[in-house]
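Q: File input_29.txt below, compact mmCIF, C-alpha atoms:
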# COMPACT_ATOMS: atom_id res chain seq x y z
CA MET A 244 -21.64 14.17 7.25
CA LEU A 245 -25.10 12.77 6.63
CA LYS A 246 -23.52 9.54 5.44
CA SER A 247 -21.79 9.06 8.78
CA LEU A 248 -25.16 9.53 10.49
CA ASN A 249 -26.66 6.78 8.31
CA THR A 250 -23.67 4.53 8.96
CA ALA A 251 -24.00 5.06 12.69
CA ALA A 252 -27.73 4.34 12.42
CA THR A 253 -27.03 0.91 10.86
CA GLY A 254 -24.84 0.22 13.88
CA MET A 255 -27.67 1.18 16.23
CA ALA A 256 -30.11 -1.04 14.30
CA ALA A 257 -27.67 -3.96 14.58
CA GLN A 258 -27.27 -3.46 18.33
CA GLN A 259 -31.05 -3.24 18.62
CA THR A 260 -31.30 -6.71 17.04
CA ASN A 261 -28.58 -7.89 19.40
CA MET A 262 -30.59 -6.55 22.37
CA ASP A 263 -33.74 -8.29 21.08
CA VAL A 264 -31.93 -11.62 20.85
CA ILE A 265 -30.33 -11.22 24.28
CA ALA A 266 -33.69 -10.17 25.79
CA ASN A 267 -35.28 -13.33 24.39
CA ASN A 268 -32.42 -15.43 25.83
CA ILE A 269 -32.93 -13.88 29.26
CA ALA A 270 -36.71 -14.21 29.05
CA ASN A 271 -36.25 -17.94 28.38
CA VAL A 272 -33.72 -18.52 31.14
CA SER A 273 -36.10 -20.96 32.87
CA THR A 274 -37.53 -22.54 29.71
CA ASN A 275 -36.78 -26.26 29.59
CA GLY A 276 -34.70 -27.29 26.58
CA PHE A 277 -34.27 -23.70 25.39
CA LYS A 278 -31.17 -23.07 23.28
CA LYS A 279 -29.70 -19.60 23.34
CA SER A 280 -29.22 -17.59 20.17
CA ARG A 281 -26.55 -15.15 19.15
CA ALA A 282 -26.87 -12.36 16.59
CA GLU A 283 -23.99 -12.19 14.13
CA PHE A 284 -23.10 -9.18 12.03
CA GLU A 285 -21.18 -8.38 8.90
CA ASP A 286 -20.06 -5.19 7.22
CA LEU A 287 -21.96 -3.61 4.33
CA VAL A 288 -20.40 -2.77 0.98
CA TYR A 289 -17.66 -0.19 0.68
CA GLN A 290 -17.94 2.92 -1.41
CA THR A 291 -14.81 3.56 -3.46
CA LYS A 292 -13.94 7.25 -3.51
CA LYS A 293 -10.64 6.72 -5.33
CA GLU A 294 -9.66 3.61 -7.26
CA PRO A 295 -6.37 2.08 -6.07
CA GLY A 296 -3.61 3.22 -8.39
CA SER A 297 -5.55 6.14 -9.82
CA ALA A 298 -3.74 9.38 -10.60
CA THR A 299 -4.18 12.24 -8.14
CA GLY A 300 -2.18 14.72 -10.20
CA MET A 301 0.30 14.94 -13.04
CA ASN A 302 3.03 13.14 -11.10
CA SER A 303 1.31 11.59 -8.11
CA TYR A 304 -1.04 8.69 -7.63
CA SER A 305 -2.88 6.93 -4.86
CA PRO A 306 -1.51 3.39 -4.48
CA ASN A 307 -4.03 2.41 -1.85
CA GLY A 308 -7.22 4.02 -3.03
CA VAL A 309 -9.83 5.50 -0.73
CA GLN A 310 -12.78 3.47 0.52
CA VAL A 311 -15.52 4.28 2.99
CA GLY A 312 -17.62 1.58 4.59
CA LEU A 313 -21.36 2.08 4.78
CA GLY A 314 -22.16 0.26 8.01
CA VAL A 315 -23.26 -3.08 9.35
CA ARG A 316 -26.11 -5.53 9.05
CA THR A 317 -27.27 -8.66 10.82
CA ALA A 318 -25.96 -11.68 8.88
CA ALA A 319 -27.51 -14.44 10.98
CA VAL A 320 -28.96 -15.38 14.30
CA GLN A 321 -27.07 -18.52 15.25
CA LYS A 322 -28.41 -21.06 17.76
CA ASP A 323 -26.02 -22.56 20.27
CA PHE A 324 -26.96 -26.23 20.71
CA THR A 325 -24.74 -27.02 23.70
CA ASN A 326 -26.39 -29.10 26.42
CA GLY A 327 -28.18 -27.40 29.27
CA ASN A 328 -28.15 -28.42 32.92
CA ALA A 329 -30.00 -31.58 33.99
CA ILE A 330 -32.63 -31.00 36.68
CA VAL A 331 -34.05 -33.77 38.85
CA THR A 332 -37.86 -33.58 38.81
CA LYS A 333 -38.82 -37.04 40.14
CA ASN A 334 -41.49 -37.14 37.42
CA PRO A 335 -41.34 -40.52 35.61
CA LEU A 336 -42.42 -38.90 32.34
CA ASP A 337 -39.66 -36.24 32.27
CA ILE A 338 -36.83 -37.28 29.96
CA GLU A 339 -33.57 -35.50 29.26
CA ILE A 340 -31.53 -36.10 26.07
CA GLU A 341 -27.87 -36.33 26.87
CA MET B 20 -5.59 40.23 -0.70
CA SER B 21 -7.69 37.40 -1.75
CA THR B 22 -10.06 35.00 -0.12
CA LYS B 23 -9.12 31.92 -2.10
CA GLY B 24 -7.95 30.34 1.16
CA VAL B 25 -11.58 29.54 1.80
CA TYR B 26 -11.11 26.58 -0.55
CA THR B 27 -8.17 25.34 1.51
CA ALA B 28 -10.37 25.48 4.60
CA LEU B 29 -13.15 23.76 2.68
CA SER B 30 -10.85 20.91 1.61
CA GLY B 31 -9.97 20.45 5.29
CA ALA B 32 -13.65 20.27 6.21
CA LEU B 33 -14.30 17.68 3.49
CA ALA B 34 -11.36 15.60 4.70
CA GLN B 35 -12.65 15.60 8.27
CA SER B 36 -16.10 14.67 7.01
CA LEU B 37 -14.62 11.63 5.22
CA LYS B 38 -12.71 10.68 8.35
CA LEU B 39 -15.92 10.86 10.35
CA ASP B 40 -17.62 8.53 7.84
CA THR B 41 -14.86 5.99 8.40
CA ILE B 42 -15.04 6.30 12.19
CA ALA B 43 -18.82 5.80 12.02
CA ASN B 44 -18.27 2.62 10.01
CA ASN B 45 -15.68 1.34 12.51
CA LEU B 46 -18.07 2.01 15.38
CA ALA B 47 -21.04 0.41 13.58
CA ASN B 48 -18.95 -2.76 13.12
CA VAL B 49 -17.72 -2.97 16.71
CA ASN B 50 -19.52 -6.33 17.17
CA THR B 51 -18.83 -7.72 13.69
CA PRO B 52 -16.69 -10.86 13.85
CA ALA B 53 -13.15 -10.42 12.52
CA PHE B 54 -13.86 -6.87 11.34
CA LYS B 55 -10.67 -4.88 10.83
CA ARG B 56 -10.77 -1.15 11.42
CA ASP B 57 -10.05 1.34 8.66
CA GLN B 58 -8.10 4.56 8.85
CA GLN B 59 -8.02 7.45 6.40
CA LEU B 60 -4.75 9.18 5.71
CA PHE B 61 -4.45 12.63 4.20
CA ASN B 62 -1.68 14.54 2.53
CA GLU B 63 -0.99 18.06 1.41
CA TYR B 64 -1.96 18.69 -2.17
CA LEU B 65 -0.19 21.43 -4.07
CA THR B 66 -1.84 22.81 -7.19
CA ALA B 67 1.55 22.49 -8.92
CA ASN B 68 0.94 18.73 -8.93
CA GLU B 69 -1.47 19.35 -11.76
CA LYS B 70 1.40 20.61 -13.95
CA PRO B 71 4.08 18.52 -15.66
CA PRO B 72 7.30 18.25 -13.63
CA GLU B 73 9.35 20.34 -16.07
CA VAL B 74 7.21 23.42 -15.31
CA ILE B 75 8.26 23.34 -11.67
CA GLN B 76 11.42 25.32 -10.94
CA VAL B 77 13.41 26.24 -7.90
CA PRO B 78 12.10 29.60 -6.55
CA ARG B 79 14.27 32.50 -7.58
CA VAL B 80 11.99 35.50 -7.18
CA PRO B 81 9.65 36.58 -4.37
CA GLY B 82 6.18 35.13 -4.56
CA SER B 83 3.81 36.85 -6.94
CA ILE B 84 1.13 35.83 -9.40
CA ASP B 85 3.80 35.63 -12.14
CA SER B 86 6.08 33.39 -10.12
CA PHE B 87 3.22 31.04 -9.28
CA PHE B 88 4.89 27.97 -10.79
CA ASP B 89 8.20 28.92 -9.23
CA MET B 90 6.51 28.59 -5.87
CA GLN B 91 5.45 25.11 -6.89
CA GLY B 92 1.90 26.15 -6.20
CA GLY B 93 2.80 26.37 -2.52
CA ASP B 94 0.54 29.38 -2.06
CA LYS B 95 -2.42 27.19 -2.91
CA SER B 96 -2.43 23.94 -1.07
CA TYR B 97 -5.29 21.67 -0.16
CA VAL B 98 -5.86 18.59 1.89
CA ASP B 99 -6.29 15.47 -0.21
CA THR B 100 -7.12 11.91 0.73
CA LYS B 101 -4.04 9.75 0.43
CA GLY B 102 -5.58 6.36 1.00
CA THR B 103 -7.57 4.03 3.20
CA PHE B 104 -5.49 1.72 5.32
CA THR B 105 -6.83 -1.30 7.13
CA ASP B 106 -5.40 -2.22 10.51
CA PHE B 107 -4.99 -6.02 10.33
CA SER B 108 -4.11 -6.50 14.00
CA GLN B 109 -5.63 -9.44 15.84
CA GLY B 110 -9.12 -9.14 17.33
CA THR B 111 -9.99 -10.70 20.67
CA LEU B 112 -11.06 -14.35 20.64
CA LYS B 113 -14.45 -15.02 22.16
CA ASN B 114 -15.66 -18.45 23.23
CA THR B 115 -18.99 -19.46 21.68
CA GLY B 116 -19.06 -23.24 22.17
CA ASN B 117 -20.27 -23.70 18.59
CA THR B 118 -18.35 -26.48 16.78
CA LEU B 119 -18.51 -24.63 13.47
CA ASP B 120 -16.95 -21.44 14.85
CA VAL B 121 -13.25 -21.28 14.02
CA ALA B 122 -11.04 -18.34 14.91
CA ILE B 123 -7.64 -17.71 13.37
CA ASP B 124 -5.08 -16.99 16.08
CA GLY B 125 -2.38 -14.97 14.35
CA LYS B 126 -1.81 -14.50 10.65
CA GLY B 127 -3.83 -15.97 7.80
CA PHE B 128 -7.13 -15.88 5.91
CA PHE B 129 -9.71 -18.50 4.99
CA GLU B 130 -10.43 -19.02 1.30
CA VAL B 131 -14.06 -18.68 0.25
CA ALA B 132 -15.60 -19.39 -3.17
CA THR B 133 -17.96 -16.67 -4.39
CA SER B 134 -19.66 -16.26 -7.74
CA SER B 135 -16.99 -13.70 -8.67
CA GLY B 136 -14.00 -15.86 -7.73
CA VAL B 137 -12.06 -16.89 -4.65
CA ARG B 138 -12.15 -14.33 -1.87
CA LEU B 139 -10.50 -14.19 1.54
CA THR B 140 -12.06 -13.77 4.94
CA ARG B 141 -11.06 -14.02 8.57
CA ALA B 142 -14.59 -14.48 9.87
CA GLY B 143 -14.73 -18.13 10.94
CA ASN B 144 -18.36 -18.21 12.09
CA PHE B 145 -19.29 -20.92 9.61
CA THR B 146 -22.50 -22.89 9.27
CA LEU B 147 -23.84 -25.80 7.20
CA ASP B 148 -26.16 -25.25 4.26
CA GLY B 149 -28.94 -27.58 3.10
CA ASN B 150 -26.44 -29.84 1.27
CA GLY B 151 -24.22 -30.31 4.30
CA GLN B 152 -21.63 -27.93 2.87
CA LEU B 153 -19.48 -25.79 5.14
CA VAL B 154 -20.40 -22.20 4.24
CA THR B 155 -20.03 -18.67 5.59
CA LYS B 156 -23.03 -16.84 7.01
CA ASP B 157 -23.71 -15.59 3.46
CA GLY B 158 -23.74 -19.10 2.02
CA PHE B 159 -20.33 -18.94 0.30
CA PRO B 160 -18.54 -22.33 0.44
CA VAL B 161 -15.38 -22.48 2.54
CA LEU B 162 -12.47 -24.12 0.68
CA LYS B 163 -10.04 -26.83 1.71
CA ASN B 164 -6.51 -27.39 0.44
CA GLY B 165 -6.19 -28.80 -3.06
CA GLU B 166 -3.80 -29.07 -5.95
CA PRO B 167 -2.51 -25.62 -6.96
CA GLY B 168 -4.71 -24.19 -9.69
CA SER B 169 -7.52 -26.67 -9.16
CA ASP B 170 -11.14 -25.67 -9.57
CA PRO B 171 -12.50 -24.07 -6.35
CA ALA B 172 -15.71 -26.07 -6.83
CA SER B 173 -13.72 -29.27 -6.20
CA ARG B 174 -12.39 -27.91 -2.91
CA THR B 175 -15.64 -27.35 -1.02
CA ILE B 176 -16.12 -29.17 2.27
CA LYS B 177 -19.12 -31.48 2.57
CA PHE B 178 -20.43 -33.43 5.54
CA ASP B 179 -22.92 -36.32 5.45
CA GLY B 180 -23.77 -36.14 9.12
CA THR B 181 -22.34 -39.55 10.09
CA GLY B 182 -20.20 -38.25 12.93
CA PRO B 183 -19.40 -35.20 14.98
CA ILE B 184 -17.49 -32.47 13.14
CA SER B 185 -14.16 -31.42 14.53
CA ILE B 186 -11.67 -28.83 13.30
CA GLY B 187 -8.14 -29.13 14.62
CA ASP B 188 -5.66 -26.40 15.48
CA ASN B 189 -3.88 -26.95 12.15
CA GLY B 190 -7.13 -26.78 10.13
CA ASP B 191 -7.74 -30.53 9.76
CA VAL B 192 -11.47 -31.10 9.34
CA THR B 193 -12.70 -34.47 10.56
CA GLN B 194 -16.12 -36.04 10.71
CA GLY B 195 -16.09 -38.81 13.29
CA THR B 196 -12.83 -40.58 12.44
CA GLU B 197 -12.86 -39.75 8.74
CA VAL B 198 -10.60 -36.88 7.60
CA VAL B 199 -12.51 -34.61 5.22
CA GLY B 200 -9.62 -32.29 4.36
CA ARG B 201 -7.65 -29.37 5.67
CA LEU B 202 -9.04 -25.84 5.64
CA SER B 203 -7.17 -23.73 3.14
CA LEU B 204 -5.40 -20.91 4.95
CA VAL B 205 -3.36 -18.36 3.07
CA ASP B 206 -0.87 -15.83 4.30
CA VAL B 207 -0.81 -12.49 2.49
CA LYS B 208 2.63 -10.88 2.69
CA ASN B 209 1.40 -7.49 1.47
CA PRO B 210 -2.03 -6.96 3.07
CA ASP B 211 -2.20 -3.54 1.38
CA CYS B 212 -3.27 -5.39 -1.80
CA LEU B 213 -6.52 -6.46 -0.13
CA ASN B 214 -9.70 -4.60 -0.88
CA LYS B 215 -12.70 -4.82 1.40
CA MET B 216 -15.74 -6.12 -0.49
CA GLY B 217 -18.31 -6.03 2.32
CA ASN B 218 -19.78 -9.23 3.83
CA LEU B 219 -16.43 -9.56 5.65
CA LEU B 220 -14.76 -10.61 2.40
CA TYR B 221 -11.51 -9.31 0.96
CA GLY B 222 -10.84 -9.06 -2.77
CA PHE B 223 -7.69 -7.95 -4.51
CA LYS B 224 -6.78 -4.53 -5.84
CA ALA B 225 -6.21 -4.34 -9.57
CA ASN B 226 -2.94 -2.40 -9.32
CA MET B 227 -1.09 -4.67 -6.87
CA ALA B 228 -0.13 -8.31 -7.24
CA PRO B 229 -0.91 -10.23 -4.06
CA GLU B 230 1.99 -12.19 -2.55
CA MET B 231 0.11 -15.18 -1.23
CA THR B 232 1.49 -18.38 0.22
CA ALA B 233 -0.14 -21.24 2.07
CA LEU B 234 0.11 -20.51 5.78
CA ALA B 235 2.93 -22.67 7.17
CA ASN B 236 1.83 -23.08 10.77
CA PRO B 237 -1.87 -22.29 11.08
CA SER B 238 -3.24 -21.87 14.56
CA LEU B 239 -7.01 -22.25 14.68
CA LYS B 240 -9.31 -22.31 17.68
CA GLN B 241 -12.50 -24.29 17.33
CA GLY B 242 -15.43 -22.96 19.32
CA PHE B 243 -14.15 -19.39 19.19
CA VAL B 244 -14.86 -16.39 16.99
CA GLU B 245 -12.50 -13.51 16.47
CA GLY B 246 -14.06 -10.20 17.51
CA SER B 247 -13.43 -6.93 15.72
CA ASN B 248 -10.24 -5.03 16.48
CA VAL B 249 -12.15 -1.77 16.96
CA ASN B 250 -11.39 -0.03 20.24
CA ILE B 251 -14.52 1.96 21.13
CA VAL B 252 -12.71 4.42 23.39
CA GLN B 253 -10.15 5.23 20.72
CA GLU B 254 -12.81 5.66 18.04
CA MET B 255 -14.84 7.95 20.33
CA THR B 256 -11.75 10.06 21.03
CA ASP B 257 -10.97 10.21 17.30
CA MET B 258 -14.56 11.21 16.66
CA ILE B 259 -14.40 14.11 19.14
CA GLN B 260 -11.08 15.24 17.68
CA THR B 261 -12.42 15.02 14.11
CA ASN B 262 -15.48 16.98 15.12
CA ARG B 263 -13.34 19.71 16.70
CA VAL B 264 -11.10 20.03 13.65
CA PHE B 265 -14.22 20.20 11.49
CA GLU B 266 -15.52 23.03 13.70
CA SER B 267 -12.23 24.93 13.37
CA THR B 268 -12.25 24.67 9.60
CA GLN B 269 -15.81 25.97 9.68
CA LYS B 270 -14.56 28.91 11.78
CA ALA B 271 -11.88 29.56 9.16
CA ILE B 272 -14.50 29.50 6.41
CA SER B 273 -16.68 32.03 8.22
CA ALA B 274 -13.59 34.19 8.89
CA TYR B 275 -12.95 34.29 5.14
CA ASP B 276 -16.62 35.04 4.66
CA SER B 277 -16.50 38.06 6.96
CA MET B 278 -13.33 39.21 5.20
CA ALA B 279 -15.13 39.06 1.89
CA ASP B 280 -18.03 40.90 3.49
CA LYS B 281 -15.68 43.71 4.61
CA LEU B 282 -14.08 43.83 1.17
CA VAL B 283 -17.35 44.14 -0.67
CA ASN B 284 -19.39 46.27 1.70
CA THR B 285 -16.83 48.46 3.47
CA VAL B 286 -13.65 48.74 1.41
CA GLY B 287 -15.55 48.82 -1.85
CA LYS B 288 -17.90 51.57 -0.72
CA THR B 289 -17.78 54.41 -3.24
CA ASN B 290 -19.52 57.37 -1.58
Re-express the file's structure as structure tokens.

A:
Amino acid sequence: MLKSLNTAATGMAAQQTNMDVIANNIANVSTNGFKKSRAEFEDLVYQTKKEPGSATGMNSYSPNGVQVGLGVRTAAVQKDFTNGNAIVTKNPLDIEIE
Amino acid sequence: MSTKGVYTALSGALAQSLKLDTIANNLANVNTPAFKRDQQLFNEYLTANEKPPEVIQVPRVPGSIDSFFDMQGGDKSYVDTKGTFTDFSQGTLKNTGNTLDVAIDGKGFFEVATSSGVRLTRAGNFTLDGNGQLVTKDGFPVLKNGEPGSDPASRTIKFDGTGPISIGDNGDVTQGTEVVGRLSLVDVKNPDCLNKMGNLLYGFKANMAPEMTALANPSLKQGFVEGSNVNIVQEMTDMIQTNRVFESTQKAISAYDSMADKLVNTVGKTN
């Protein structure tokens, strides 16, 4: 019961990071040359409650085993380097890389 | 009259608690690329299973303490976890525009070299490390096709930055016009043999031999990542249901408790 609360909390922490990254993207919507980021997640380790193939009684066994995942974490914040829109400024010193 | 049924109710509560743990993990990974949801299955556990098969006989006499084994322990049954099953259905493909994001459309797994051997993954959100090697987000090198049985270290994919990287639908990796290799994609005929290792990697269970073949017709999508196959609404519904069943088993436990209370304090009163 308490484990599921912890697991759910890792999910909330991950989404919090996601929100932070998205908020920064939105805050920089008018920043010249800004490249958006994306938070990427991966699952945490799994706790094995029953080994696959272990006996569950005198004449029964568990072929699949029982595993419970422990949540999620942020694996990386990946930048997306695709080109932004070109804006005409009429300033001779403004240069855009294409 | 006995109150041993409280243990049956307790085993039910423990089972629901385990199920809730799994649902919480599915929900926490709702945004994890290529995450596959888990399900817990339960079965009835008879105490007779603890005895050798020859002890068990067909019932001949009405149930009593003496005929316990004749009842095959049916008067004492619990809920037991049967196994964890992973739902390997396809997740939704999401466009990212990143050239190193590759999603598998359909069957198959990428091969990844880790310090403990070759592992499988479906998460195609790759990146380049400091040496120009194609790696997962944990820095494990992604493997290309090679001679069967060849050293995984010889199958890593390396770029020198001389041209744009492109990954074709069939897994062909090219840099500019030069072909670097083909991503190794394997098809697992019995996905039950896969064991989740965390970090989106799959290992192999010790008790089952994996039936692996090279994927015949890979279908990859460059610039896409596969999302998780977790359906939030379904998980939420499962969570409510699990919670309700947990509550009912708790009710059963307190019913047994009040029965025991009556037995001790009312029935057993001497004066």

Q: One decimal, in Å: what's the spacing between atom CA of Lys215 of chain B and atom CA of Arg263 of chain B?

A: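 One can read the atom CA of Lys215 of chain B to atom CA of Arg263 of chain B distance as 28.9 Å.
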
Q: Near chain A, meaning an atom within 8 Å, which residues of chain B appear when counting all atoms listed in the file? Write them as a PyMOL selection string.

A: chain B and resi 36-37+39-41+43-48+50-52+54+59+68-72+100-104+115-117+156-157+211-212+215-219+224-226

Q: Write out as an MDAnalysis selection string the residues lying within 7 Å of segment 238-241 of chain B, counting only C-alpha atoms and excluding same-chain residues fewer than 3 positions away.

A: chainID B and resid 118 120:125 186:190

Q: For atom CA of Phe129 of chain B and atom CA of Pro160 of chain B, quote the distance in Å rounded to one decimal.

A: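 Computed distance, atom CA of Phe129 of chain B to atom CA of Pro160 of chain B, equals 10.6 Å.
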
Q: Kindly give the distance, in Å, that separates atom CA of Gln109 of chain B and atom CA of Pro171 of chain B, rounded to a single decimal.

A: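 For atom CA of Gln109 of chain B relative to atom CA of Pro171 of chain B, the distance reads 27.5 Å.
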
Q: Quick one: residues within 12 Å of Ser273 of chain A, all atoms listed in the file, excluding same-chain residues fewer than 5 positions away - as a PyMOL selection string?

A: chain A and resi 267-268+278-279+327-328+330

Q: Give, as JSON, the centre coordinates and the x, y and z edge lengths in Å to one decimal for an axis-aligned box around all listed atoms of segment 100-119 of chain B, padded by 3 Å on each side.

A:
{"center_x": -12.2, "center_y": -7.3, "center_z": 11.8, "size_x": 22.2, "size_y": 44.4, "size_z": 28.8}

Q: Looking at only C-alpha atoms, which of B:Met258, B:Val137, B:Met278, B:Ala235 is the one that sits closest to Gly222 of chain B?

A: B:Val137

Q: For Thr111 of chain B, which residue out of B:Gly246, B:Gly287, B:Pro229, B:Gly31 is the nearest one, using all atoms listed in the file?

A: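 Among the listed residues, the smallest separation from Thr111 of chain B belongs to B:Gly246.
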